[in-house]
>>> print(open('target_38.txt').read())   # compact mmCIF, C-alpha atoms
# COMPACT_ATOMS: atom_id res chain seq x y z
CA MET K 1 -9.32 5.38 -10.31
CA LEU K 2 -8.53 5.11 -6.61
CA THR K 3 -10.67 6.54 -3.81
CA LEU K 4 -9.05 7.52 -0.54
CA TYR K 5 -11.36 7.72 2.46
CA TYR K 6 -9.77 10.06 4.96
CA SER K 7 -10.37 12.25 7.98
CA PRO K 8 -8.23 15.36 8.57
CA GLY K 9 -5.58 14.84 11.23
CA SER K 10 -5.78 11.06 10.96
CA VAL K 11 -3.13 8.64 9.77
CA ALA K 12 -4.84 8.74 6.36
CA LEU K 13 -2.54 11.72 5.75
CA ALA K 14 0.31 9.27 5.10
CA ALA K 15 -1.63 7.52 2.33
CA HIS K 16 -2.73 10.86 0.90
CA ILE K 17 0.86 12.10 0.61
CA ALA K 18 1.95 8.80 -0.95
CA LEU K 19 -0.80 9.10 -3.57
CA GLU K 20 0.52 12.54 -4.47
CA ASP K 21 4.12 11.26 -4.46
CA ALA K 22 3.05 8.48 -6.80
CA GLY K 23 1.28 10.79 -9.21
CA ALA K 24 -1.76 8.56 -8.72
CA VAL K 25 -5.16 9.23 -10.26
CA TYR K 26 -7.44 9.36 -7.21
CA GLU K 27 -10.20 11.17 -5.47
CA ALA K 28 -10.25 11.93 -1.74
CA ARG K 29 -13.49 11.49 0.16
CA ARG K 30 -13.70 12.99 3.61
CA VAL K 31 -15.32 10.88 6.35
CA ASP K 32 -16.86 13.15 8.99
CA PHE K 33 -15.60 11.77 12.28
CA ALA K 34 -17.16 14.70 14.20
CA SER K 35 -20.65 13.45 13.32
CA GLY K 36 -19.64 9.79 13.72
CA GLU K 37 -19.92 9.00 10.00
CA GLN K 38 -17.33 6.23 10.46
CA ARG K 39 -19.92 4.30 12.51
CA THR K 40 -22.76 4.60 9.98
CA PRO K 41 -23.94 1.51 8.07
CA ALA K 42 -22.93 3.23 4.82
CA PHE K 43 -19.31 3.63 5.92
CA LEU K 44 -19.13 0.26 7.70
CA ALA K 45 -20.11 -1.27 4.34
CA ILE K 46 -16.97 0.37 2.93
CA ASN K 47 -14.73 -0.52 5.89
CA PRO K 48 -16.20 -2.72 8.63
CA LYS K 49 -13.42 -1.53 10.94
CA GLY K 50 -14.91 1.97 10.97
CA ARG K 51 -11.49 3.50 10.43
CA VAL K 52 -9.51 5.49 7.91
CA PRO K 53 -7.64 5.28 5.67
CA ALA K 54 -9.48 2.95 3.35
CA LEU K 55 -8.54 2.83 -0.30
CA GLY K 56 -11.05 1.91 -2.96
CA THR K 57 -9.32 0.20 -5.88
CA PRO K 58 -10.60 -1.38 -9.11
CA ARG K 59 -10.26 -4.77 -7.35
CA GLY K 60 -11.92 -3.84 -4.07
CA MET K 61 -11.19 -2.09 -0.79
CA LEU K 62 -7.86 -2.06 1.02
CA THR K 63 -7.47 -1.05 4.66
CA GLU K 64 -4.54 -0.56 7.09
CA VAL K 65 -2.12 2.21 6.25
CA VAL K 66 0.88 -0.10 5.95
CA ALA K 67 -0.89 -2.21 3.31
CA ILE K 68 -2.20 0.84 1.46
CA LEU K 69 1.28 2.38 1.34
CA GLY K 70 2.73 -0.88 0.00
CA TYR K 71 -0.01 -1.09 -2.63
CA ILE K 72 0.55 2.50 -3.81
CA ALA K 73 4.30 1.83 -4.16
CA ALA K 74 3.77 -1.48 -5.98
CA THR K 75 1.21 -0.11 -8.46
CA HIS K 76 3.22 3.04 -9.27
CA PRO K 77 6.71 1.64 -9.83
CA ALA K 78 7.88 4.66 -11.80
CA ALA K 79 7.57 6.78 -8.67
CA GLY K 80 10.28 4.74 -6.97
CA LEU K 81 8.58 4.73 -3.57
CA ALA K 82 9.92 1.28 -2.63
CA PRO K 83 12.75 -0.95 -3.94
CA LEU K 84 10.24 -3.41 -5.38
CA ASP K 85 12.82 -5.91 -6.68
CA ASP K 86 14.74 -6.10 -3.39
CA PRO K 87 12.94 -8.20 -0.75
CA PHE K 88 15.34 -7.26 2.05
CA ALA K 89 15.14 -3.51 1.40
CA CYS K 90 11.34 -3.78 1.09
CA GLY K 91 11.32 -5.76 4.32
CA GLU K 92 13.19 -2.96 6.10
CA ILE K 93 10.58 -0.44 4.94
CA HIS K 94 7.73 -2.73 6.00
CA ALA K 95 9.40 -3.26 9.37
CA PHE K 96 9.73 0.48 9.92
CA ASN K 97 6.12 1.09 8.96
CA ALA K 98 4.92 -1.84 11.07
CA TYR K 99 6.70 -0.32 14.07
CA LEU K 100 4.89 2.96 13.47
CA ALA K 101 1.55 1.12 13.22
CA SER K 102 1.79 -1.32 16.08
CA THR K 103 3.96 0.55 18.58
CA VAL K 104 4.07 4.31 17.92
CA HIS K 105 0.49 4.85 16.73
CA VAL K 106 -0.72 2.54 19.51
CA ALA K 107 1.17 4.61 22.09
CA HIS K 108 -0.50 7.75 20.69
CA ALA K 109 -3.96 6.15 20.82
CA HIS K 110 -3.67 5.80 24.60
CA GLY K 111 -3.99 9.57 24.81
CA ARG K 112 -7.48 10.09 23.48
CA ARG K 113 -8.73 6.59 22.66
CA ALA K 114 -7.78 4.68 25.79
CA GLY K 115 -11.45 3.70 26.12
CA ARG K 116 -10.64 0.94 23.66
CA TRP K 117 -8.80 -0.89 26.43
CA ALA K 118 -10.50 0.16 29.69
CA ASP K 119 -13.89 1.37 30.93
CA ASP K 120 -12.88 2.87 34.28
CA PRO K 121 -12.39 6.66 33.87
CA ALA K 122 -9.47 6.58 36.31
CA ALA K 123 -7.66 3.99 34.19
CA ILE K 124 -8.35 5.98 31.03
CA ALA K 125 -6.95 9.10 32.71
CA GLU K 126 -3.87 7.19 33.84
CA MET K 127 -3.18 6.03 30.27
CA ALA K 128 -3.56 9.61 29.00
CA ARG K 129 -1.14 10.78 31.70
CA LYS K 130 1.55 8.28 30.71
CA MET K 131 1.09 8.65 26.96
CA PRO K 132 3.63 11.47 26.35
CA GLU K 133 6.30 9.37 28.06
CA THR K 134 5.42 6.26 26.04
CA MET K 135 5.36 8.24 22.80
CA LEU K 136 8.75 9.76 23.56
CA ALA K 137 10.22 6.33 24.28
CA ALA K 138 8.79 4.89 21.06
CA CYS K 139 10.00 7.86 19.01
CA SER K 140 13.43 7.81 20.68
CA LEU K 141 14.10 4.42 19.08
CA ILE K 142 13.42 6.05 15.71
CA GLU K 143 15.54 9.07 16.61
CA HIS K 144 18.56 7.04 17.71
CA GLU K 145 18.34 3.74 15.83
CA LEU K 146 15.98 3.65 12.87
CA LEU K 147 15.98 7.02 11.07
CA ARG K 148 19.02 6.98 8.77
CA GLY K 149 18.68 10.44 7.23
CA PRO K 150 18.07 12.46 5.30
CA TRP K 151 15.14 10.13 4.61
CA VAL K 152 14.06 7.25 6.80
CA MET K 153 15.86 4.65 4.72
CA GLY K 154 18.84 6.88 3.88
CA GLU K 155 19.42 8.67 0.61
CA THR K 156 16.25 7.39 -1.06
CA TYR K 157 12.78 8.66 -0.23
CA SER K 158 10.21 5.90 0.31
CA ILE K 159 6.75 5.13 1.69
CA ALA K 160 8.31 5.18 5.17
CA ASP K 161 8.71 8.98 4.95
CA PRO K 162 5.09 10.17 4.70
CA TYR K 163 4.16 7.77 7.50
CA LEU K 164 6.85 9.07 9.88
CA PHE K 165 5.92 12.64 8.91
CA THR K 166 2.26 12.02 9.71
CA ILE K 167 3.00 10.73 13.18
CA ALA K 168 5.52 13.52 13.76
CA THR K 169 2.74 16.08 13.21
CA TRP K 170 1.08 14.70 16.36
CA LEU K 171 4.01 15.17 18.74
CA GLU K 172 3.29 18.62 20.19
CA GLY K 173 -0.41 17.74 20.56
CA ASP K 174 0.71 14.67 22.46
CA ARG K 175 2.82 16.85 24.80
CA VAL K 176 6.00 15.02 23.80
CA ASP K 177 9.27 16.77 24.64
CA VAL K 178 10.25 17.31 21.01
CA ALA K 179 13.58 18.91 21.98
CA LYS K 180 14.74 15.33 22.51
CA LEU K 181 13.85 14.38 18.91
CA PRO K 182 15.86 16.81 16.75
CA ARG K 183 16.39 14.38 13.87
CA ILE K 184 12.67 13.60 13.65
CA LEU K 185 11.91 17.36 13.66
CA ASP K 186 14.49 17.87 10.93
CA HIS K 187 12.87 15.13 8.86
CA ARG K 188 9.46 16.68 9.48
CA ALA K 189 10.67 20.08 8.24
CA ARG K 190 12.21 18.49 5.15
CA MET K 191 8.94 16.70 4.44
CA ALA K 192 6.86 19.85 4.98
CA ALA K 193 8.89 21.63 2.31
CA ARG K 194 7.97 19.11 -0.40
CA PRO K 195 5.36 20.40 -2.86
CA ALA K 196 3.31 17.19 -2.62
CA VAL K 197 3.11 17.55 1.16
CA LYS K 198 2.15 21.23 0.90
CA ARG K 199 -0.69 20.33 -1.46
CA VAL K 200 -2.03 17.62 0.84
CA MET K 201 -1.61 19.68 4.02
CA GLY K 202 -3.62 22.45 2.41
CA PHE K 203 -6.32 19.90 1.74
CA HIS K 204 -6.32 18.54 5.31
CA GLY K 205 -6.26 22.05 6.79
CA MET M 1 21.31 -19.06 6.10
CA LEU M 2 18.62 -17.36 8.14
CA THR M 3 18.53 -17.14 11.94
CA LEU M 4 15.22 -16.85 13.72
CA TYR M 5 15.34 -15.41 17.23
CA TYR M 6 12.28 -16.67 19.07
CA SER M 7 10.73 -17.25 22.45
CA PRO M 8 8.22 -20.08 22.98
CA GLY M 9 4.64 -18.87 23.11
CA SER M 10 5.49 -15.58 21.42
CA VAL M 11 4.38 -14.30 18.03
CA ALA M 12 7.69 -15.59 16.67
CA LEU M 13 5.76 -18.83 16.20
CA ALA M 14 4.18 -17.34 13.06
CA ALA M 15 7.57 -16.69 11.49
CA HIS M 16 8.81 -20.12 12.54
CA ILE M 17 5.89 -21.85 10.81
CA ALA M 18 6.38 -19.73 7.69
CA LEU M 19 10.06 -20.72 7.55
CA GLU M 20 9.01 -24.38 7.64
CA ASP M 21 6.29 -23.74 5.03
CA ALA M 22 8.89 -22.10 2.81
CA GLY M 23 11.37 -24.94 3.14
CA ALA M 24 13.87 -22.32 4.26
CA VAL M 25 17.39 -23.07 5.43
CA TYR M 26 17.47 -21.56 8.90
CA GLU M 27 18.44 -22.03 12.48
CA ALA M 28 16.23 -21.11 15.44
CA ARG M 29 17.83 -19.44 18.45
CA ARG M 30 15.82 -19.28 21.63
CA VAL M 31 15.86 -16.01 23.57
CA ASP M 32 15.27 -16.70 27.27
CA PHE M 33 12.56 -14.26 28.28
CA ALA M 34 12.32 -15.84 31.75
CA SER M 35 15.81 -14.58 32.60
CA GLY M 36 15.28 -11.29 30.74
CA GLU M 37 17.75 -12.11 27.97
CA GLN M 38 15.80 -9.82 25.62
CA ARG M 39 17.01 -6.86 27.72
CA THR M 40 20.70 -7.78 27.70
CA PRO M 41 23.18 -5.67 25.72
CA ALA M 42 23.97 -8.74 23.59
CA PHE M 43 20.37 -9.15 22.45
CA LEU M 44 19.69 -5.41 22.18
CA ALA M 45 22.60 -5.33 19.72
CA ILE M 46 20.64 -7.84 17.64
CA ASN M 47 17.28 -6.11 18.06
CA PRO M 48 17.22 -2.76 19.88
CA LYS M 49 13.48 -3.24 20.42
CA GLY M 50 14.17 -6.15 22.79
CA ARG M 51 11.49 -8.23 21.09
CA VAL M 52 11.06 -11.36 19.05
CA PRO M 53 10.85 -12.41 16.32
CA ALA M 54 13.99 -11.03 14.75
CA LEU M 55 15.33 -12.63 11.60
CA GLY M 56 19.01 -12.57 10.79
CA THR M 57 19.55 -12.55 7.02
CA PRO M 58 22.64 -12.33 4.81
CA ARG M 59 21.87 -8.60 4.40
CA GLY M 60 21.17 -7.79 8.05
CA MET M 61 18.46 -8.06 10.68
CA LEU M 62 14.74 -7.79 10.07
CA THR M 63 12.19 -7.21 12.82
CA GLU M 64 8.38 -7.02 13.05
CA VAL M 65 6.51 -10.20 12.25
CA VAL M 66 4.59 -8.69 9.33
CA ALA M 67 7.82 -7.67 7.62
CA ILE M 68 9.50 -11.00 8.37
CA LEU M 69 6.54 -12.94 6.94
CA GLY M 70 6.61 -10.81 3.77
CA TYR M 71 10.35 -11.35 3.42
CA ILE M 72 10.06 -15.12 3.80
CA ALA M 73 7.34 -15.23 1.12
CA ALA M 74 9.28 -12.96 -1.26
CA THR M 75 12.55 -14.87 -0.95
CA HIS M 76 10.95 -18.32 -1.32
CA PRO M 77 8.65 -17.80 -4.31
CA ALA M 78 8.40 -21.52 -5.09
CA ALA M 79 6.55 -22.04 -1.80
CA GLY M 80 3.68 -19.85 -3.03
CA LEU M 81 3.13 -18.17 0.33
CA ALA M 82 1.99 -14.89 -1.26
CA PRO M 83 0.79 -13.85 -4.74
CA LEU M 84 3.99 -11.91 -5.36
CA ASP M 85 3.02 -10.61 -8.80
CA ASP M 86 -0.39 -9.31 -7.68
CA PRO M 87 -0.16 -6.04 -5.68
CA PHE M 88 -3.83 -6.04 -4.70
CA ALA M 89 -3.84 -9.62 -3.44
CA CYS M 90 -0.56 -8.98 -1.60
CA GLY M 91 -2.12 -5.83 -0.17
CA GLU M 92 -5.03 -7.83 1.21
CA ILE M 93 -2.62 -10.21 2.95
CA HIS M 94 -0.60 -7.32 4.36
CA ALA M 95 -3.80 -5.63 5.53
CA PHE M 96 -4.92 -8.79 7.32
CA ASN M 97 -1.54 -9.23 8.97
CA ALA M 98 -1.36 -5.53 9.88
CA TYR M 99 -4.74 -5.87 11.61
CA LEU M 100 -3.39 -8.80 13.63
CA ALA M 101 -0.29 -6.79 14.58
CA SER M 102 -1.77 -3.42 15.41
CA THR M 103 -5.24 -4.33 16.72
CA VAL M 104 -5.48 -7.99 17.78
CA HIS M 105 -1.98 -8.46 19.23
CA VAL M 106 -2.27 -5.04 20.89
CA ALA M 107 -5.57 -6.07 22.51
CA HIS M 108 -3.86 -9.23 23.81
CA ALA M 109 -0.92 -7.26 25.19
CA HIS M 110 -3.25 -5.37 27.54
CA GLY M 111 -3.68 -8.60 29.47
CA ARG M 112 -0.16 -9.13 30.76
CA ARG M 113 1.82 -6.18 29.40
CA ALA M 114 -0.47 -3.27 30.25
CA GLY M 115 2.44 -1.73 32.16
CA ARG M 116 3.60 -0.45 28.81
CA TRP M 117 0.79 2.13 28.90
CA ALA M 118 0.14 2.81 32.61
CA ASP M 119 2.02 2.76 35.93
CA ASP M 120 -0.95 2.70 38.35
CA PRO M 121 -1.65 -0.94 39.38
CA ALA M 122 -5.40 -0.25 39.39
CA ALA M 123 -5.27 0.91 35.77
CA ILE M 124 -3.19 -2.12 34.80
CA ALA M 125 -5.72 -4.40 36.50
CA GLU M 126 -8.58 -2.64 34.71
CA MET M 127 -6.95 -3.24 31.32
CA ALA M 128 -6.42 -6.91 32.16
CA ARG M 129 -10.09 -7.15 33.17
CA LYS M 130 -11.33 -5.72 29.89
CA MET M 131 -8.86 -7.58 27.66
CA PRO M 132 -10.97 -10.73 26.99
CA GLU M 133 -13.81 -8.51 25.76
CA THR M 134 -11.49 -6.45 23.53
CA MET M 135 -9.87 -9.61 22.15
CA LEU M 136 -13.25 -11.11 21.39
CA ALA M 137 -14.37 -7.97 19.57
CA ALA M 138 -11.17 -7.85 17.53
CA CYS M 139 -11.40 -11.54 16.67
CA SER M 140 -15.10 -11.28 15.84
CA LEU M 141 -14.26 -9.04 12.92
CA ILE M 142 -12.00 -11.82 11.64
CA GLU M 143 -14.66 -14.45 12.33
CA HIS M 144 -17.45 -12.59 10.50
CA GLU M 145 -15.71 -10.42 7.91
CA LEU M 146 -12.11 -11.26 7.14
CA LEU M 147 -11.57 -15.04 7.32
CA ARG M 148 -12.69 -16.42 3.96
CA GLY M 149 -12.03 -20.10 4.54
CA PRO M 150 -10.74 -22.66 4.42
CA TRP M 151 -7.63 -20.45 4.61
CA VAL M 152 -7.60 -16.79 5.54
CA MET M 153 -7.50 -15.61 1.93
CA GLY M 154 -9.73 -18.41 0.60
CA GLU M 155 -8.57 -21.47 -1.27
CA THR M 156 -4.89 -20.57 -1.17
CA TYR M 157 -2.75 -20.86 1.95
CA SER M 158 -0.60 -17.80 2.61
CA ILE M 159 1.53 -16.03 5.23
CA ALA M 160 -1.72 -14.81 6.80
CA ASP M 161 -2.46 -18.35 8.03
CA PRO M 162 0.42 -19.01 10.43
CA TYR M 163 -0.08 -15.55 11.91
CA LEU M 164 -3.80 -16.07 12.59
CA PHE M 165 -3.01 -19.54 13.95
CA THR M 166 -0.42 -18.12 16.34
CA ILE M 167 -2.82 -15.58 17.81
CA ALA M 168 -5.59 -18.20 17.96
CA THR M 169 -3.40 -20.32 20.25
CA TRP M 170 -3.66 -17.51 22.84
CA LEU M 171 -7.47 -17.34 23.02
CA GLU M 172 -8.20 -19.69 25.93
CA GLY M 173 -5.29 -18.23 27.93
CA ASP M 174 -6.84 -14.82 27.30
CA ARG M 175 -10.21 -16.07 28.66
CA VAL M 176 -11.93 -15.32 25.35
CA ASP M 177 -15.30 -16.98 24.82
CA VAL M 178 -14.09 -19.16 21.96
CA ALA M 179 -17.56 -20.64 21.41
CA LYS M 180 -18.29 -17.39 19.58
CA LEU M 181 -15.38 -17.96 17.18
CA PRO M 182 -16.12 -21.33 15.54
CA ARG M 183 -14.55 -20.47 12.19
CA ILE M 184 -11.31 -19.35 13.83
CA LEU M 185 -11.25 -22.58 15.87
CA ASP M 186 -11.85 -24.58 12.71
CA HIS M 187 -8.96 -22.78 11.02
CA ARG M 188 -6.78 -23.42 14.06
CA ALA M 189 -7.53 -27.15 13.95
CA ARG M 190 -6.79 -27.27 10.22
CA MET M 191 -3.47 -25.51 10.83
CA ALA M 192 -2.56 -27.78 13.74
CA ALA M 193 -2.90 -30.80 11.47
CA ARG M 194 -0.26 -29.57 9.02
CA PRO M 195 3.06 -31.40 9.36
CA ALA M 196 5.06 -28.14 9.33
CA VAL M 197 2.99 -26.81 12.23
CA LYS M 198 3.39 -30.06 14.17
CA ARG M 199 7.16 -29.86 13.77
CA VAL M 200 7.30 -26.28 14.98
CA MET M 201 4.88 -26.81 17.86
CA GLY M 202 7.02 -29.69 19.05
CA PHE M 203 9.96 -27.31 19.06
CA HIS M 204 8.10 -24.58 20.98
CA GLY M 205 6.74 -27.09 23.46
>>> encode(input="target_38.txt", output="structure tokens")
Amino acid sequence: MLTLYYSPGSVALAAHIALEDAGAVYEARRVDFASGEQRTPAFLAINPKGRVPALGTPRGMLTEVVAILGYIAATHPAAGLAPLDDPFACGEIHAFNAYLASTVHVAHAHGRRAGRWADDPAAIAEMARKMPETMLAACSLIEHELLRGPWVMGETYSIADPYLFTIATWLEGDRVDVAKLPRILDHRARMAARPAVKRVMGFHG
Amino acid sequence: MLTLYYSPGSVALAAHIALEDAGAVYEARRVDFASGEQRTPAFLAINPKGRVPALGTPRGMLTEVVAILGYIAATHPAAGLAPLDDPFACGEIHAFNAYLASTVHVAHAHGRRAGRWADDPAAIAEMARKMPETMLAACSLIEHELLRGPWVMGETYSIADPYLFTIATWLEGDRVDVAKLPRILDHRARMAARPAVKRVMGFHG
């Protein structure tokens, strides 16, 4: 049994979709960010980073969405979520997901969580102001270079797809000019039509 | 034959050490950041992100240090750089490396590359001011929670070690109070004594 710790609207959505894609046996436990549950001793004992997703496994806790996605793919080989016997193809998926984690998600975080990197309110406001531009630049590389279509890696769906979808659900909220990202929007619509995504989106509300 | 594109002092050092650890057949090609080579059409054709490391392989180019490290481990199984048949243990390594990439390296980047996220010089200066504090907080989680010792994952050296070492070489330059990170310094010294690391450090200068 796996336990996914999630918060609605967070990047945990990517792991949640992958669990459904995998046909995994799991339970989802909501962490109440509105009340600051992620900062309570009880949750910090689960994940000292105070973040979601975290995935409870029979061996212990895993954190970081890229690692959780890789673990779900590796432990559910029948679902075909990653080319497990092909190190180069797996490396391409990991590279795509790493770009989402360390560039695109980081750009997004400068909108509402810029206080991680500055205390001065004027600096925080300046980061929020620039964020839509930075997000568009980061996503434009996906639009023009990385997204092969119809799925991220081409003809075969993989753990890169729920992660891109998750970040794509943030674009309008981030005031990104989505008209410049038609291929990402097309991918997002294709993802939204999948039954597994519909089930999880209903859950996240 | 593999080709590592690197710049001295960059995170490409982690991949370079891992290639030596693996006994890989490779060549290292320096990208001259001082002259802006990473922004030239010739290099952008290699890596449209304009970053290092990039690893040329017989199948194509891989980017993102976490993906490159995983690829090196997977294609050199005899070197034992990752527990390739154990998805949970591999997941823990990927989670550690993902934390370095998306939290620790990002904290560091706010020192000298804050212009990625703000245009106002005052905001950029404010991020540089706060950076040592953010780096210390990010590294403290490693110091107290994640670093098992003697190697990152415990008794067995892995691709997490050259990556932590690489970031640890930045600490004094980032004005981090390293007296608060004795276990990371101990790990750094243990890494620096390895012949493979000495060879690579000589190369990076």
>>> interface_residues(input="target_38.txt", of="chain M", to="chain K", cutoff="6 Å", atoms="only C-alpha atoms", output="list of chain:residue names")
M:Thr63, M:Glu64, M:Ala67, M:Tyr71, M:Pro87, M:Gly91, M:His94, M:Ala95, M:Ser102, M:Trp117, M:Ala118, M:Ala123, M:Met127, M:Lys130
>>> write_last_selection(input="target_38.txt", atoms="C-alpha atoms", output="compact mmCIF listing (two decimals), in the frame of the given file")
# COMPACT_ATOMS: atom_id res chain seq x y z
CA THR M 63 12.19 -7.21 12.82
CA GLU M 64 8.38 -7.02 13.05
CA ALA M 67 7.82 -7.67 7.62
CA TYR M 71 10.35 -11.35 3.42
CA PRO M 87 -0.16 -6.04 -5.68
CA GLY M 91 -2.12 -5.83 -0.17
CA HIS M 94 -0.60 -7.32 4.36
CA ALA M 95 -3.80 -5.63 5.53
CA SER M 102 -1.77 -3.42 15.41
CA TRP M 117 0.79 2.13 28.90
CA ALA M 118 0.14 2.81 32.61
CA ALA M 123 -5.27 0.91 35.77
CA MET M 127 -6.95 -3.24 31.32
CA LYS M 130 -11.33 -5.72 29.89
>>> closest_residue(input="target_38.txt", among="M:Leu55, M:Ala15, M:Ile46, M:Val197", to="Leu2 (chain M)", atoms="all atoms listed in the file")
M:Leu55
>>> closest_residue(input="target_38.txt", among="K:Ala22, K:Leu185, K:Val104, K:Ala78", to="Glu172 (chain K)", atoms="only C-alpha atoms")
K:Leu185
>>> closest_residue(input="target_38.txt", among="M:Ala189, M:Val31, M:Ala18, M:Ala160", to="Asn47 (chain M)", atoms="all atoms listed in the file")
M:Val31
>>> atom_distance(input="target_38.txt", atom1="CA of Leu147 (chain K)", atom2="CA of Ile184 (chain K)")
7.8 Å
>>> closest_residue(input="target_38.txt", among="K:Pro8, K:Gly202, K:Pro162, K:Gly173", to="Arg190 (chain K)", atoms="all atoms listed in the file")
K:Pro162
>>> axis_aligned_box(input="target_38.txt", around="region 152-159 of chain K", padding_each_side="5 Å", output="AutoDock Vina command-line options")
--center_x 13.1 --center_y 6.7 --center_z 2.9 --size_x 22.7 --size_y 14.0 --size_z 17.9
>>> atom_distance(input="target_38.txt", atom1="CA of Met1 (chain M)", atom2="CA of Tyr26 (chain M)")
5.4 Å
>>> atom_distance(input="target_38.txt", atom1="CA of Gly56 (chain K)", atom2="CA of Pro83 (chain K)")
24.0 Å
>>> closest_residue(input="target_38.txt", among="K:Ala193, K:Leu171, K:Val176, K:Leu181", to="His144 (chain K)", atoms="all atoms listed in the file")
K:Leu181
>>> residues_around(input="target_38.txt", residues="region 33-40 of chain K", least_positions_apart="2", cutoff="8 Å", atoms="only C-alpha atoms", output="NGL selection string")
:K and (7 or 31 or 42-44 or 50-51)
>>> closest_residue(input="target_38.txt", among="M:Ala137, M:Leu164, M:Val200, M:Val152", to="Tyr6 (chain M)", atoms="all atoms listed in the file")
M:Val200
